[in-house]
Amino acid sequence: MPPIPRTAAGAVPRRRATDLPRTRSTVSLVIPAYNEARNIPWVFQEIPRCVDEVLLVDGDSYDATERMARLCRPATRILRQDAPGKGSALRTGFLAARCDYVVMLDADGSMWPGEIPHYIHFLDNGYDFVKGSRYIAGGGSQDLTTIRSFGNKLLVAATNLLYDAGLTDLCYGFCAFRRSFLDELDLHAPGFEIETEMVAHALRSGLRVAEVPSLELPRRAGRSHLHALSDGRRVLRTLFAERPRLSEGVRQAVGAVAGTGSAPARADR
């Protein structure tokens with residue numbers, strides 16, 4: 001029996017009057033990828049049967065990412081993002097998804113697709129947005145550096161303070177949500193900070209949010225596209241920018257600390 005997950009309110013959500021009796025919900029898996037041909041075979045072979053469609057969003061890879069995806073899973077829907085950045089890739093996949101639930105995970109092998117049924121279980125049982133946590137019982141990481149772990153904990157503390165939440169992890173992009181709430185998530189971020197934007201908007205919109213344990217694995221091949229310091233600053237700016245009812249004076253003060261400027265954020269793949 002899976003453990004009861006943590007929630008923003010700290011309690012199991014009550015069902016809404018509009019909730020229907022449980023039926024078998026369909027699942028879309030969105031995978032953004034940029035030069036991940038060496039990692040695609042392992043990721044695709046680990047995708048569980050509960051996934052009904054796989055959407056691979058290719059960010060103009062110059063290796064065999066697209067060909068490898070078609071060889072490993074011929075039914076894969078290959079999409080091209082129309083702008084650079086992980087945020088653009090995810091939005092492209094989310095808008096094209098056709099199923100009841102949408103799951104997102106990275107193509108580098110750091111997230112085990114075999115955990116997907118665990119996420120689906122909690123969506124089936126009343127939650128709207130489910131995110132992985134490396135810091136609760138059953139979770140962990142084989143890849144976190146000391147700097148990344150410290151920065152993540154600071155950002156989690158800021159999130160809990162600003163949004164009156166009880167989260168344990170933030171900068172981890174293994175998430176699932178009901179596709180019917182895509183409009184509430186209202187996603188616009190261009191880069192890695194889209195993961196934070198999703199959580200912030202889910203909390204701000206009053207969605208039923210749960211954390212489930214997840215084990216982060218080392219990237220199987222290639223180099224990470226993360227930039228700890230610059231991406232951390234963008235995450236912090238996103239948290240404060242999306243916080244409801246934040247006074248202009250506080251926004252300006254926080255912007256100075258976070259390094260907000262007039263130039264647009266850099267959109268990394």
# chains A, B, ... in the order shown; residues from 1 in each chain; ligands from 1
>>> residues_around(residues="Arg67 in chain A", least_positions_apart="4", cutoff="12 Å", atoms="only C-alpha atoms", output="ChimeraX atom specification")
/A:35-38,40-41,56,58,61-63,71-74,76-78
>>> residues_around(residues="Pro117 in chain A", least_positions_apart="5", cutoff="9 Å", atoms="only C-alpha atoms", output="ChimeraX atom specification")
/A:48,50-51,122
>>> write_last_selection(atoms="N, CA, C and O atoms", output="mmCIF file, in the first residue's frame")
data_model
loop_
_atom_site.group_PDB
_atom_site.id
_atom_site.type_symbol
_atom_site.label_atom_id
_atom_site.label_comp_id
_atom_site.auth_asym_id
_atom_site.auth_seq_id
_atom_site.Cartn_x
_atom_site.Cartn_y
_atom_site.Cartn_z
ATOM 1 N N PRO A 48 6.251 2.208 -18.613
ATOM 2 C CA PRO A 48 5.289 1.173 -18.211
ATOM 3 C C PRO A 48 4.064 1.124 -19.115
ATOM 4 O O PRO A 48 3.800 2.035 -19.904
ATOM 5 N N CYS A 50 0.995 1.523 -18.488
ATOM 6 C CA CYS A 50 -0.083 2.472 -18.225
ATOM 7 C C CYS A 50 0.002 3.713 -19.108
ATOM 8 O O CYS A 50 -0.949 4.496 -19.184
ATOM 9 N N VAL A 51 1.130 3.933 -19.793
ATOM 10 C CA VAL A 51 1.299 5.091 -20.682
ATOM 11 C C VAL A 51 0.661 4.778 -22.031
ATOM 12 O O VAL A 51 0.998 3.779 -22.673
ATOM 13 N N PHE A 122 -1.955 8.498 -7.363
ATOM 14 C CA PHE A 122 -2.439 9.636 -6.582
ATOM 15 C C PHE A 122 -3.334 10.557 -7.406
ATOM 16 O O PHE A 122 -4.241 11.186 -6.856
#
>>> residues_around(residues="range 154-159 of chain A", least_positions_apart="6", cutoff="12 Å", atoms="only C-alpha atoms", output="number ranges by chain")
A: 8, 133, 135, 147-148, 165-172, 193, 196-197, 199-201, 203-204, 231-243, 254, 258
>>> residues_around(residues="range 24-32 of chain A", least_positions_apart="5", cutoff="8 Å", atoms="only C-alpha atoms", output="CSV table (one decimal) with C-alpha atoms, in the first residue's frame")
chain,number,residue,atom,x,y,z
A,50,CYS,CA,-0.1,2.5,-18.2
A,51,VAL,CA,1.3,5.1,-20.7
A,52,ASP,CA,-1.0,5.4,-23.7
A,53,GLU,CA,1.0,7.9,-25.8
A,54,VAL,CA,4.6,9.2,-25.8
A,55,LEU,CA,5.4,12.6,-27.1
A,56,LEU,CA,9.1,13.4,-27.7
A,57,VAL,CA,9.7,17.1,-28.2
A,58,ASP,CA,13.0,17.5,-30.0
A,59,GLY,CA,14.9,20.8,-29.6
A,86,LYS,CA,12.9,23.5,-21.9
A,89,ALA,CA,9.5,22.2,-25.3
A,90,LEU,CA,7.2,21.2,-22.4
A,93,GLY,CA,4.1,18.7,-25.6
A,94,PHE,CA,1.4,19.6,-23.1
A,97,ALA,CA,-1.2,15.8,-25.4
A,98,ARG,CA,-4.5,14.0,-25.9
A,99,CYS,CA,-4.9,11.9,-22.7
A,100,ASP,CA,-6.5,12.6,-19.3
A,101,TYR,CA,-3.2,12.8,-17.4
A,102,VAL,CA,0.1,14.3,-18.5
A,103,VAL,CA,3.4,13.1,-17.1
A,104,MET,CA,6.7,14.9,-17.8
A,105,LEU,CA,10.2,13.4,-17.4
A,106,ASP,CA,13.6,14.1,-18.7
A,107,ALA,CA,15.3,12.1,-21.5
A,124,ASP,CA,-6.6,8.5,-9.5
>>> residues_around(residues="Asn39 in chain A", least_positions_apart="5", cutoff="8 Å", atoms="only C-alpha atoms", output="NGL selection string")
:A and (107-109 or 220-221)
>>> write_last_selection(atoms="N, CA, C and O atoms", output="mmCIF file, in the first residue's frame")
data_model
loop_
_atom_site.group_PDB
_atom_site.id
_atom_site.type_symbol
_atom_site.label_atom_id
_atom_site.label_comp_id
_atom_site.auth_asym_id
_atom_site.auth_seq_id
_atom_site.Cartn_x
_atom_site.Cartn_y
_atom_site.Cartn_z
ATOM 1 N N ALA A 107 14.804 13.151 -20.635
ATOM 2 C CA ALA A 107 15.270 12.098 -21.540
ATOM 3 C C ALA A 107 16.670 11.614 -21.207
ATOM 4 O O ALA A 107 17.206 10.761 -21.922
ATOM 5 N N ASP A 108 17.265 12.121 -20.134
ATOM 6 C CA ASP A 108 18.671 11.793 -19.868
ATOM 7 C C ASP A 108 18.863 10.553 -19.008
ATOM 8 O O ASP A 108 19.989 10.185 -18.686
ATOM 9 N N GLY A 109 17.780 9.901 -18.613
ATOM 10 C CA GLY A 109 17.879 8.700 -17.800
ATOM 11 C C GLY A 109 17.979 8.959 -16.315
ATOM 12 O O GLY A 109 18.169 8.021 -15.537
ATOM 13 N N ARG A 220 22.723 9.151 -17.713
ATOM 14 C CA ARG A 220 23.347 7.939 -18.237
ATOM 15 C C ARG A 220 24.471 8.249 -19.226
ATOM 16 O O ARG A 220 25.461 7.520 -19.304
ATOM 17 N N ALA A 221 24.328 9.301 -20.007
ATOM 18 C CA ALA A 221 25.359 9.669 -20.982
ATOM 19 C C ALA A 221 25.217 11.140 -21.310
ATOM 20 O O ALA A 221 24.135 11.727 -21.193
#
>>> atom_distance(atom1="CA of Thr146 in chain A", atom2="CA of Arg219 in chain A")
16.7 Å
>>> select_by_dssp(residues="range 5-222 of chain A", states="strand (DSSP E or B)", output="PyMOL selection string")
chain A and resi 6-7+27-33+53-58+77-80+101-104+111+129-133+140-141+175-178+209-213+215-216
>>> select_by_dssp(residues="range 123-171 of chain A", states="helix (DSSP H, G or I)", output="PyMOL selection string")
chain A and resi 123-124+146-163
>>> closest_residue(among="A:Glu195, A:Glu211, A:Glu184, A:Asp143", to="Ser110 in chain A", atoms="only C-alpha atoms")
A:Asp143
>>> atom_distance(atom1="CA of Ser214 in chain A", atom2="CA of Tyr163 in chain A")
22.8 Å
>>> residues_around(residues="Ile194 in chain A", least_positions_apart="5", cutoff="8 Å", atoms="only C-alpha atoms", output="number ranges by chain")
A: 86-87, 187-189
>>> closest_residue(among="A:Phe150, A:Arg134, A:Tyr127, A:Asp60", to="Gly206 in chain A", atoms="only C-alpha atoms")
A:Tyr127
>>> atom_distance(atom1="CA of Val209 in chain A", atom2="CA of Met111 in chain A")
20.0 Å
